[in-house]
>>> print(open('query23.pdb').read())   # PDB, C-alpha atoms
ATOM      1  CA  MET A   1      79.004 117.088 103.218
ATOM      2  CA  ALA A   2      75.758 117.314 101.205
ATOM      3  CA  LEU A   3      76.012 118.049  97.521
ATOM      4  CA  LEU A   4      72.281 118.245  96.782
ATOM      5  CA  ASN A   5      69.765 119.712  99.169
ATOM      6  CA  VAL A   6      66.988 117.483  97.862
ATOM      7  CA  PRO A   7      64.722 115.251  99.999
ATOM      8  CA  PRO A   8      65.420 111.546  99.356
ATOM      9  CA  GLY A   9      61.788 110.993  98.410
ATOM     10  CA  LYS A  10      61.870 113.492  95.570
ATOM     11  CA  PRO A  11      61.293 111.839  92.167
ATOM     12  CA  PRO A  12      64.265 111.405  89.799
ATOM     13  CA  THR A  13      62.798 113.684  87.141
ATOM     14  CA  ALA A  14      62.765 116.570  89.589
ATOM     15  CA  ILE A  15      66.405 116.266  90.598
ATOM     16  CA  SER A  16      68.175 115.310  87.374
ATOM     17  CA  SER A  17      68.587 118.894  86.247
ATOM     18  CA  GLU A  18      69.810 119.995  89.666
ATOM     19  CA  PHE A  19      72.293 117.118  89.765
ATOM     20  CA  SER A  20      73.669 118.120  86.365
ATOM     21  CA  ARG A  21      73.952 121.725  87.497
ATOM     22  CA  VAL A  22      75.723 120.847  90.754
ATOM     23  CA  VAL A  23      78.146 118.377  89.200
ATOM     24  CA  ASN A  24      78.957 120.797  86.383
ATOM     25  CA  GLY A  25      79.438 123.540  88.957
ATOM     26  CA  TYR A  26      81.823 121.489  91.098
ATOM     27  CA  LEU A  27      83.764 119.638  88.428
ATOM     28  CA  GLY A  28      83.466 121.926  85.440
ATOM     29  CA  SER A  29      82.395 120.805  82.014
ATOM     30  CA  SER A  30      85.975 120.082  80.936
ATOM     31  CA  ALA A  31      86.543 117.701  83.851
ATOM     32  CA  ILE A  32      83.266 115.926  83.118
ATOM     33  CA  LYS A  33      84.229 115.511  79.455
ATOM     34  CA  LEU A  34      87.665 114.254  80.476
ATOM     35  CA  LEU A  35      86.227 111.681  82.873
ATOM     36  CA  GLY A  36      83.417 110.689  80.544
ATOM     37  CA  ILE A  37      80.729 111.177  83.212
ATOM     38  CA  ARG A  38      77.155 111.262  81.962
ATOM     39  CA  THR A  39      74.905 113.500  84.018
ATOM     40  CA  SER A  40      71.684 112.521  82.293
ATOM     41  CA  GLN A  41      68.503 111.615  84.105
ATOM     42  CA  ARG A  42      68.882 107.874  83.470
ATOM     43  CA  SER A  43      72.315 107.853  85.116
ATOM     44  CA  TRP A  44      71.078 109.719  88.221
ATOM     45  CA  PRO A  45      69.595 108.170  90.243
ATOM     46  CA  ASN A  46      69.406 104.751  88.635
ATOM     47  CA  ILE A  47      66.758 103.101  90.737
ATOM     48  CA  SER A  48      66.616  99.998  88.539
ATOM     49  CA  ARG A  49      70.050  98.961  89.811
ATOM     50  CA  ASN A  50      69.907  98.548  93.548
ATOM     51  CA  ASN A  51      73.351  98.849  95.103
ATOM     52  CA  SER A  52      72.860  98.079  98.792
ATOM     53  CA  ARG A  53      76.205  99.369 100.027
ATOM     54  CA  SER A  54      76.012 102.842 101.475
ATOM     55  CA  ASN A  55      78.631 105.517 101.862
ATOM     56  CA  LYS A  56      78.388 106.497 105.500
ATOM     57  CA  HIS A  57      81.305 108.924 105.389
ATOM     58  CA  GLY A  58      79.573 111.355 103.053
ATOM     59  CA  PHE A  59      82.108 111.607 100.261
ATOM     60  CA  PHE A  60      82.392 110.308  96.736
ATOM     61  CA  LYS A  61      84.003 106.933  96.373
ATOM     62  CA  THR A  62      83.948 104.536  93.462
ATOM     63  CA  SER A  63      83.462 100.830  93.932
ATOM     64  CA  ALA A  64      84.469  98.007  91.604
ATOM     65  CA  SER A  65      83.023  98.371  88.137
ATOM     66  CA  ARG A  66      80.479  96.057  86.564
ATOM     67  CA  GLU A  67      78.480  96.058  83.337
ATOM     68  CA  ASP A  68      74.791  96.804  82.809
ATOM     69  CA  ASP A  69      72.507  95.208  80.208
ATOM     70  CA  GLU A  70      73.737  97.556  77.488
ATOM     71  CA  GLY A  71      77.407  96.696  78.095
ATOM     72  CA  ARG A  72      78.385  99.979  79.758
ATOM     73  CA  ASN A  73      80.656  99.830  82.779
ATOM     74  CA  ILE A  74      78.933 101.055  85.933
ATOM     75  CA  VAL A  75      80.633 102.559  88.961
ATOM     76  CA  GLY A  76      78.420 102.514  92.041
ATOM     77  CA  ASP A  77      78.366 103.890  95.611
ATOM     78  CA  PHE A  78      78.867 107.401  94.326
ATOM     79  CA  CYS A  79      76.372 109.796  95.898
ATOM     80  CA  PRO A  80      76.178 110.489  99.646
ATOM     81  CA  LEU A  81      72.396 111.010  99.411
ATOM     82  CA  TYR A  82      71.424 108.215  97.033
ATOM     83  CA  SER A  83      74.319 105.782  97.494
ATOM     84  CA  SER A  84      71.950 102.827  97.887
ATOM     85  CA  HIS A  85      70.771 103.089  94.272
ATOM     86  CA  THR A  86      72.946 105.552  92.424
ATOM     87  CA  ASN A  87      75.432 105.024  89.605
ATOM     88  CA  LEU A  88      77.556 107.085  87.271
ATOM     89  CA  ASN A  89      78.393 105.772  83.828
ATOM     90  CA  PHE A  90      81.964 105.630  82.550
ATOM     91  CA  PRO A  91      83.281 104.701  79.107
ATOM     92  CA  SER A  92      83.959 101.009  78.523
ATOM     93  CA  ILE A  93      87.676 101.148  79.235
ATOM     94  CA  LYS A  94      88.189  98.602  81.984
ATOM     95  CA  LYS A  95      91.903  99.208  82.474
ATOM     96  CA  LEU A  96      91.281 102.900  83.011
ATOM     97  CA  GLN A  97      88.524 102.165  85.524
ATOM     98  CA  ARG A  98      90.711  99.924  87.589
ATOM     99  CA  SER A  99      93.275 102.726  87.990
ATOM    100  CA  LEU A 100      90.848 105.594  88.527
ATOM    101  CA  THR A 101      89.342 106.708  91.815
ATOM    102  CA  LEU A 102      87.202 109.784  92.270
ATOM    103  CA  HIS A 103      87.064 111.550  95.600
ATOM    104  CA  ALA A 104      85.061 114.575  96.641
ATOM    105  CA  VAL A 105      86.893 115.617  99.792
ATOM    106  CA  ASP A 106      85.867 118.681 101.761
ATOM    107  CA  THR A 107      89.273 120.341 101.932
ATOM    108  CA  SER A 108      88.376 123.915 100.984
ATOM    109  CA  LYS A 109      86.474 126.540 102.909
ATOM    110  CA  ASN A 110      83.445 126.347 100.655
ATOM    111  CA  GLY A 111      83.348 122.554 100.734
ATOM    112  CA  ALA A 112      84.164 122.113  97.041
ATOM    113  CA  PRO A 113      85.465 118.605  96.280
ATOM    114  CA  ASN A 114      88.901 117.832  94.960
ATOM    115  CA  ILE A 115      89.143 115.250  92.184
ATOM    116  CA  THR A 116      92.214 113.036  92.398
ATOM    117  CA  GLU A 117      93.454 110.031  90.492
ATOM    118  CA  THR A 118      94.912 106.963  92.190
ATOM    119  CA  LYS A 119      98.630 106.487  91.790
ATOM    120  CA  VAL A 120      99.747 103.817  89.358
ATOM    121  CA  ASP A 121     101.263 100.768  91.037
ATOM    122  CA  ARG A 122     105.037 101.095  91.375
ATOM    123  CA  CYS A 123     106.527  98.064  89.682
ATOM    124  CA  GLY A 124     109.963  96.941  88.664
ATOM    125  CA  GLU A 125     111.304  94.053  86.616
ATOM    126  CA  ILE A 126     114.942  93.063  86.196
ATOM    127  CA  VAL A 127     116.590  90.194  84.339
ATOM    128  CA  ARG A 128     120.230  89.497  85.194
ATOM    129  CA  VAL A 129     122.112  86.930  83.139
ATOM    130  CA  THR A 130     125.737  85.931  83.694
ATOM    131  CA  LYS A 131     127.799  82.812  83.023
ATOM    132  CA  GLU A 132     126.984  81.751  86.596
ATOM    133  CA  THR A 133     123.292  82.603  87.005
ATOM    134  CA  ASN A 134     120.067  83.580  85.270
ATOM    135  CA  VAL A 135     117.860  85.667  87.548
ATOM    136  CA  GLN A 136     114.502  87.367  87.013
ATOM    137  CA  VAL A 137     112.924  89.573  89.690
ATOM    138  CA  LYS A 138     109.562  91.361  89.606
ATOM    139  CA  ILE A 139     108.191  93.543  92.379
ATOM    140  CA  ASN A 140     105.068  95.602  92.964
ATOM    141  CA  LEU A 141     105.548  97.946  95.925
ATOM    142  CA  ASP A 142     101.793  98.531  96.075
ATOM    143  CA  GLY A 143     100.882  94.869  96.009
ATOM    144  CA  SER A 144      99.115  92.590  98.473
ATOM    145  CA  GLY A 145     101.868  90.284  99.720
ATOM    146  CA  ILE A 146     101.829  87.684  96.944
ATOM    147  CA  SER A 147     105.077  85.733  96.728
ATOM    148  CA  ASP A 148     106.324  83.366  94.029
ATOM    149  CA  CYS A 149     110.000  82.689  94.664
ATOM    150  CA  ASN A 150     112.087  79.813  93.366
ATOM    151  CA  THR A 151     115.835  80.362  93.508
ATOM    152  CA  GLY A 152     116.946  76.765  93.957
ATOM    153  CA  ILE A 153     117.915  77.676  97.543
ATOM    154  CA  PRO A 154     114.997  76.696  99.809
ATOM    155  CA  PHE A 155     116.015  78.782 102.817
ATOM    156  CA  LEU A 156     116.512  81.891 100.644
ATOM    157  CA  ASP A 157     113.058  81.320  99.132
ATOM    158  CA  HIS A 158     111.653  81.233 102.670
ATOM    159  CA  MET A 159     113.315  84.559 103.504
ATOM    160  CA  LEU A 160     112.113  86.206 100.298
ATOM    161  CA  ASP A 161     108.602  85.076 101.232
ATOM    162  CA  GLN A 162     109.019  87.031 104.480
ATOM    163  CA  ILE A 163     109.850  90.203 102.546
ATOM    164  CA  ALA A 164     106.741  89.866 100.404
ATOM    165  CA  SER A 165     104.417  88.901 103.241
ATOM    166  CA  HIS A 166     105.490  91.484 105.831
ATOM    167  CA  GLY A 167     106.286  94.244 103.360
ATOM    168  CA  ILE A 168     102.971  93.612 101.549
ATOM    169  CA  PHE A 169     104.831  93.585  98.248
ATOM    170  CA  ASP A 170     104.060  91.339  95.301
ATOM    171  CA  LEU A 171     107.357  89.591  94.662
ATOM    172  CA  GLU A 172     108.354  87.093  92.002
ATOM    173  CA  VAL A 173     111.886  85.711  91.881
ATOM    174  CA  LYS A 174     113.080  83.029  89.489
ATOM    175  CA  ALA A 175     116.710  81.981  89.504
ATOM    176  CA  CYS A 176     118.831  79.261  87.967
ATOM    177  CA  GLY A 177     122.462  79.172  89.074
ATOM    178  CA  ASP A 178     125.539  77.067  89.689
ATOM    179  CA  ILE A 179     124.322  75.775  93.049
ATOM    180  CA  HIS A 180     126.134  72.525  92.319
ATOM    181  CA  ILE A 181     129.223  74.518  93.327
ATOM    182  CA  ASP A 182     127.621  76.421  96.198
ATOM    183  CA  ASP A 183     124.873  78.978  96.857
ATOM    184  CA  HIS A 184     127.139  82.016  96.789
ATOM    185  CA  HIS A 185     126.639  83.234  93.210
ATOM    186  CA  THR A 186     122.879  82.686  93.155
ATOM    187  CA  ASN A 187     122.417  84.344  96.564
ATOM    188  CA  GLU A 188     124.466  87.343  95.426
ATOM    189  CA  ASP A 189     122.842  87.776  92.018
ATOM    190  CA  VAL A 190     119.312  87.475  93.409
ATOM    191  CA  ALA A 191     120.147  90.289  95.842
ATOM    192  CA  LEU A 192     121.742  92.431  93.117
ATOM    193  CA  ALA A 193     118.696  91.999  90.877
ATOM    194  CA  PHE A 194     116.345  92.660  93.793
ATOM    195  CA  GLY A 195     118.139  95.936  94.551
ATOM    196  CA  ASN A 196     117.973  97.053  90.924
ATOM    197  CA  CYS A 197     114.306  96.102  90.766
ATOM    198  CA  LEU A 198     113.581  98.125  93.897
ATOM    199  CA  LEU A 199     115.478 101.075  92.438
ATOM    200  CA  GLN A 200     113.396 100.894  89.274
ATOM    201  CA  ALA A 201     110.087 100.639  91.131
ATOM    202  CA  LEU A 202     110.858 103.623  93.386
ATOM    203  CA  GLY A 203     111.479 105.961  90.460
ATOM    204  CA  ASP A 204     112.064 109.555  91.600
ATOM    205  CA  ARG A 205     110.790 108.655  95.116
ATOM    206  CA  LYS A 206     108.321 111.523  95.211
ATOM    207  CA  GLY A 207     105.971 111.530  98.184
ATOM    208  CA  ILE A 208     107.411 108.537 100.054
ATOM    209  CA  TYR A 209     108.363 108.488 103.735
ATOM    210  CA  ARG A 210     111.937 107.523 102.767
ATOM    211  CA  PHE A 211     112.892 106.298 106.273
ATOM    212  CA  GLY A 212     111.921 102.988 107.874
ATOM    213  CA  ASP A 213     112.566 101.634 111.359
ATOM    214  CA  PHE A 214     111.350  98.364 112.860
ATOM    215  CA  SER A 215     112.276  95.823 115.533
ATOM    216  CA  ALA A 216     111.013  92.280 114.965
ATOM    217  CA  PRO A 217     110.936  89.595 117.678
ATOM    218  CA  LEU A 218     110.865  85.892 116.910
ATOM    219  CA  ASP A 219     110.751  83.888 120.138
ATOM    220  CA  GLU A 220     114.053  84.610 121.905
ATOM    221  CA  ALA A 221     115.479  86.584 118.954
ATOM    222  CA  LEU A 222     115.055  90.335 118.502
ATOM    223  CA  VAL A 223     116.499  92.229 115.531
ATOM    224  CA  HIS A 224     116.317  95.952 114.794
ATOM    225  CA  VAL A 225     116.489  97.359 111.248
ATOM    226  CA  ALA A 226     116.660 101.016 110.254
ATOM    227  CA  LEU A 227     116.961 102.136 106.649
ATOM    228  CA  ASP A 228     117.033 105.238 104.505
ATOM    229  CA  LEU A 229     116.193 105.238 100.788
ATOM    230  CA  SER A 230     118.787 107.948 100.385
ATOM    231  CA  GLY A 231     120.498 106.915  97.165
ATOM    232  CA  ARG A 232     123.707 106.342  99.148
ATOM    233  CA  PRO A 233     124.656 102.656  99.600
ATOM    234  CA  PHE A 234     125.858 101.719 103.069
ATOM    235  CA  LEU A 235     125.462  98.624 105.243
ATOM    236  CA  ALA A 236     126.054  98.375 108.990
ATOM    237  CA  TYR A 237     125.632  94.699 109.898
ATOM    238  CA  ASP A 238     125.757  93.392 113.451
ATOM    239  CA  LEU A 239     124.384  89.864 113.670
ATOM    240  CA  CYS A 240     125.937  87.076 115.689
ATOM    241  CA  ILE A 241     124.644  83.855 114.129
ATOM    242  CA  PRO A 242     125.887  80.915 116.218
ATOM    243  CA  THR A 243     125.906  78.183 113.553
ATOM    244  CA  GLN A 244     127.583  78.008 110.159
ATOM    245  CA  ARG A 245     124.523  76.635 108.398
ATOM    246  CA  VAL A 246     120.726  76.637 108.600
ATOM    247  CA  GLY A 247     119.750  73.547 106.674
ATOM    248  CA  THR A 248     122.044  73.742 103.655
ATOM    249  CA  TYR A 249     122.219  77.556 103.671
ATOM    250  CA  ASP A 250     125.559  79.103 104.633
ATOM    251  CA  THR A 251     124.765  81.776 107.248
ATOM    252  CA  GLN A 252     127.651  83.945 105.980
ATOM    253  CA  LEU A 253     125.483  84.595 102.929
ATOM    254  CA  VAL A 254     123.015  86.663 104.978
ATOM    255  CA  GLU A 255     125.421  89.600 105.203
ATOM    256  CA  HIS A 256     126.426  89.150 101.574
ATOM    257  CA  PHE A 257     122.776  89.237 100.511
ATOM    258  CA  PHE A 258     122.133  92.571 102.204
ATOM    259  CA  GLN A 259     125.435  94.058 101.043
ATOM    260  CA  SER A 260     124.601  93.204  97.431
ATOM    261  CA  LEU A 261     121.068  94.590  97.788
ATOM    262  CA  VAL A 262     122.392  97.831  99.289
ATOM    263  CA  ASN A 263     124.944  98.273  96.513
ATOM    264  CA  THR A 264     122.393  98.268  93.690
ATOM    265  CA  SER A 265     119.422  99.907  95.437
ATOM    266  CA  GLY A 266     121.348 102.837  96.889
ATOM    267  CA  MET A 267     119.997 102.178 100.371
ATOM    268  CA  THR A 268     121.479 103.011 103.758
ATOM    269  CA  LEU A 269     120.785  99.977 105.926
ATOM    270  CA  HIS A 270     121.528  99.274 109.597
ATOM    271  CA  ILE A 271     120.918  95.793 111.021
ATOM    272  CA  ARG A 272     121.464  95.121 114.715
ATOM    273  CA  GLN A 273     120.794  91.999 116.741
ATOM    274  CA  LEU A 274     119.429  92.806 120.193
ATOM    275  CA  ALA A 275     118.875  89.222 121.356
ATOM    276  CA  GLY A 276     118.829  85.679 120.029
ATOM    277  CA  LYS A 277     120.424  82.235 120.225
ATOM    278  CA  ASN A 278     118.734  80.265 117.448
ATOM    279  CA  SER A 279     120.250  80.852 114.013
ATOM    280  CA  HIS A 280     117.004  80.375 112.114
ATOM    281  CA  HIS A 281     115.159  82.764 114.434
ATOM    282  CA  ILE A 282     117.842  85.449 114.164
ATOM    283  CA  ILE A 283     117.915  85.380 110.355
ATOM    284  CA  GLU A 284     114.140  85.241 109.948
ATOM    285  CA  ALA A 285     113.641  88.101 112.412
ATOM    286  CA  THR A 286     116.142  90.090 110.343
ATOM    287  CA  PHE A 287     114.224  89.606 107.099
ATOM    288  CA  LYS A 288     110.907  90.370 108.797
ATOM    289  CA  ALA A 289     112.248  93.568 110.342
ATOM    290  CA  PHE A 290     113.751  94.546 106.992
ATOM    291  CA  ALA A 291     110.415  93.969 105.249
ATOM    292  CA  ARG A 292     108.491  96.117 107.725
ATOM    293  CA  ALA A 293     111.086  98.909 107.618
ATOM    294  CA  LEU A 294     111.084  98.865 103.806
ATOM    295  CA  ARG A 295     107.295  98.987 103.806
ATOM    296  CA  GLN A 296     107.370 102.094 106.018
ATOM    297  CA  ALA A 297     109.964 103.786 103.825
ATOM    298  CA  THR A 298     108.196 103.122 100.515
ATOM    299  CA  GLU A 299     104.687 104.099 101.617
ATOM    300  CA  TYR A 300     103.289 107.489 100.647
ATOM    301  CA  ASP A 301     103.279 110.382 103.104
ATOM    302  CA  SER A 302     100.055 112.303 102.422
ATOM    303  CA  ARG A 303     101.446 115.480 103.993
ATOM    304  CA  ARG A 304     104.245 115.645 101.423
ATOM    305  CA  ARG A 305     101.724 116.057  98.607
ATOM    306  CA  GLY A 306     104.015 114.328  96.130
ATOM    307  CA  SER A 307     107.198 116.241  96.931
ATOM    308  CA  ILE A 308     110.616 114.588  97.162
ATOM    309  CA  PRO A 309     111.561 113.891 100.810
ATOM    310  CA  SER A 310     114.886 115.710 100.706
ATOM    311  CA  SER A 311     115.991 119.257 101.486
ATOM    312  CA  LYS A 312     118.099 119.027  98.305
ATOM    313  CA  GLY A 313     115.016 118.349  96.228
ATOM    314  CA  VAL A 314     116.414 115.179  94.700
ATOM    315  CA  LEU A 315     116.956 111.559  95.779
ATOM    316  CA  THR A 316     118.937 109.587  93.253
ATOM    317  CA  ARG A 317     121.253 106.623  93.278
ATOM    318  CA  ALA A 318     124.706 108.007  94.128
TER     319      ALA A 318
END
>>> encode(input="query23.pdb", output="structure tokens")
Amino acid sequence: MALLNVPPGKPPTAISSEFSRVVNGYLGSSAIKLLGIRTSQRSWPNISRNNSRSNKHGFFKTSASREDDEGRNIVGDFCPLYSSHTNLNFPSIKKLQRSLTLHAVDTSKNGAPNITETKVDRCGEIVRVTKETNVQVKINLDGSGISDCNTGIPFLDHMLDQIASHGIFDLEVKACGDIHIDDHHTNEDVALAFGNCLLQALGDRKGIYRFGDFSAPLDEALVHVALDLSGRPFLAYDLCIPTQRVGTYDTQLVEHFFQSLVNTSGMTLHIRQLAGKNSHHIIEATFKAFARALRQATEYDSRRRGSIPSSKGVLTRA
């Protein structure tokens, strides 16, 4: 998709006016004012700044911003014809730049670009304080798999790490509880807070896939998880864990963890063991399968165009 029918060797002074005319024609003056784009000659093309990365796909795409000598933030890799040395100038608002992406996608018959804005990261944060525990959970559904979990229960921390890593969520869990009695209260309250945090991050659930389905093997163990972010809490749990403990962790707490999570998140969750003899393998495969299924369900479906994935038009916690 070519926006300017100008030979690459043509001098900047000869194309600046045509660039301004084309950009104004495609975006409109109001959109340009809103985005703060300068269409002056010195911002197109800016040969003094040599950006070697090219845009081989032929559509607009912003790269990470940097600052020029005058302190303005520069967004490069913007023009399909002059992407090797072309920049557009944006106002010096770094937070806005990090959340803004411009695309010129050829979706209409006349090839006119559509300008879209990246979705804000879906985050949740919950603090739950009782006489038995003090729990803080933070999650970013659009994260990169960063995990920082310290519940005082090492095996539970290990399982929460699996959710972050395989779901590609940023997850932070801090908990202080009465583990001198046993792990029950802390395990339960971490799951309750996690469910509430997930509920908060999902919001109205517009545009998501809603359903997730994954089978995870771990050596001899194989566990299948299917879930629906329906707003209706239900757990079907079918694991046969052969030992009472893994390390110091009571294996009965696995079911209680998922039941508590389901209750506060409003999730329909089915967990089924297909194979397995080792307790650690069975539990870890369960958390990995859950993470991958949750990742599927929370990701955006581009065909939905931001609509709620329900024939009723609403997905809320029942």
>>> residues_near_point(input="query23.pdb", point="(126.0, 79.6, 89.9)", cutoff="8 Å", atoms="all atoms listed in the file", output="PyMOL selection string")
chain A and resi 131-133+176-186
>>> residues_near_point(input="query23.pdb", point="(116.9, 78.3, 93.9)", cutoff="9 Å", atoms="only C-alpha atoms", output="list in words")
Cys149, Asn150, Thr151, Gly152, Ile153, Pro154, Phe155, Leu156, Asp157, Lys174, Ala175, Cys176, Gly177, Ile179, Asp183, Thr186 and Asn187 of chain A
>>> write_last_selection(input="query23.pdb", atoms="C-alpha atoms", output="PDB file, in the frame of the given file")
ATOM      1  CA  CYS A 149     110.000  82.689  94.664  1.00  0.00           C
ATOM      2  CA  ASN A 150     112.087  79.813  93.366  1.00  0.00           C
ATOM      3  CA  THR A 151     115.835  80.362  93.508  1.00  0.00           C
ATOM      4  CA  GLY A 152     116.946  76.765  93.957  1.00  0.00           C
ATOM      5  CA  ILE A 153     117.915  77.676  97.543  1.00  0.00           C
ATOM      6  CA  PRO A 154     114.997  76.696  99.809  1.00  0.00           C
ATOM      7  CA  PHE A 155     116.015  78.782 102.817  1.00  0.00           C
ATOM      8  CA  LEU A 156     116.512  81.891 100.644  1.00  0.00           C
ATOM      9  CA  ASP A 157     113.058  81.320  99.132  1.00  0.00           C
ATOM     10  CA  LYS A 174     113.080  83.029  89.489  1.00  0.00           C
ATOM     11  CA  ALA A 175     116.710  81.981  89.504  1.00  0.00           C
ATOM     12  CA  CYS A 176     118.831  79.261  87.967  1.00  0.00           C
ATOM     13  CA  GLY A 177     122.462  79.172  89.074  1.00  0.00           C
ATOM     14  CA  ILE A 179     124.322  75.775  93.049  1.00  0.00           C
ATOM     15  CA  ASP A 183     124.873  78.978  96.857  1.00  0.00           C
ATOM     16  CA  THR A 186     122.879  82.686  93.155  1.00  0.00           C
ATOM     17  CA  ASN A 187     122.417  84.344  96.564  1.00  0.00           C
TER      18      ASN A 187
END
>>> atom_distance(input="query23.pdb", atom1="atom CA of A:Ile139", atom2="atom CA of A:Ser215")
23.6 Å
>>> resolve_selection(input="query23.pdb", expression="the PyMOL selection byres ((chain A and resi 138) around 10)", output="list in words")
Cys123, Gly124, Glu125, Ile126, Val127, Gln136, Val137, Ile139, Asn140, Leu141, Asp148, Asp170, Leu171, Glu172, Val173, Lys174, Ala193, Phe194, Cys197, Leu198 and Ala201 of chain A
>>> atom_distance(input="query23.pdb", atom1="atom CA of A:Ser302", atom2="atom CA of A:Asn196")
26.2 Å
>>> residues_around(input="query23.pdb", residues="stretch 219-224 of chain A", least_positions_apart="4", cutoff="8 Å", atoms="only C-alpha atoms", output="JSON, numbers by chain")
{"A": [213, 214, 215, 271, 272, 273, 274, 275, 276, 277, 278, 281, 282, 285, 286, 289]}
>>> atom_distance(input="query23.pdb", atom1="atom CA of A:Pro217", atom2="atom CA of A:Ser165")
15.9 Å
>>> closest_residue(input="query23.pdb", among="A:Val225, A:Ile208, A:Met159, A:Leu192", to="A:Glu299", atoms="only C-alpha atoms")
A:Ile208
>>> resolve_selection(input="query23.pdb", expression="the PyMOL selection byres ((chain A and resi 232) around 6)", output="JSON, numbers by chain")
{"A": [230, 231, 233, 266, 267, 318]}
>>> resolve_selection(input="query23.pdb", expression="the PyMOL selection byres ((chain A and resi 237) around 9)", output="list in words")
Leu235, Ala236, Asp238, Leu239, Glu255, Phe258, Gln259, Leu269, His270, Ile271, Arg272 and Gln273 of chain A
>>> closest_residue(input="query23.pdb", among="A:Leu229, A:Val262, A:Val190, A:Leu199", to="A:Leu294", atoms="all atoms listed in the file")
A:Leu229
>>> closest_residue(input="query23.pdb", among="A:Phe169, A:Tyr300, A:Phe287, A:Tyr209", to="A:Val254", atoms="only C-alpha atoms")
A:Phe287
>>> closest_residue(input="query23.pdb", among="A:Ala297, A:Ala216, A:Leu202, A:Ala291", to="A:Asp161", atoms="all atoms listed in the file")
A:Ala291
>>> closest_residue(input="query23.pdb", among="A:Ile163, A:Val135, A:Leu218, A:Ile168", to="A:Ser279", atoms="all atoms listed in the file")
A:Leu218
>>> closest_residue(input="query23.pdb", among="A:Gly207, A:Gln296, A:Ile283, A:His158", to="A:Thr243", atoms="all atoms listed in the file")
A:Ile283
>>> axis_aligned_box(input="query23.pdb", around="stretch 243-250 of chain A", padding_each_side="4 Å", output="AutoDock Vina command-line options")
--center_x 123.7 --center_y 76.3 --center_z 108.6 --size_x 15.8 --size_y 13.6 --size_z 17.9
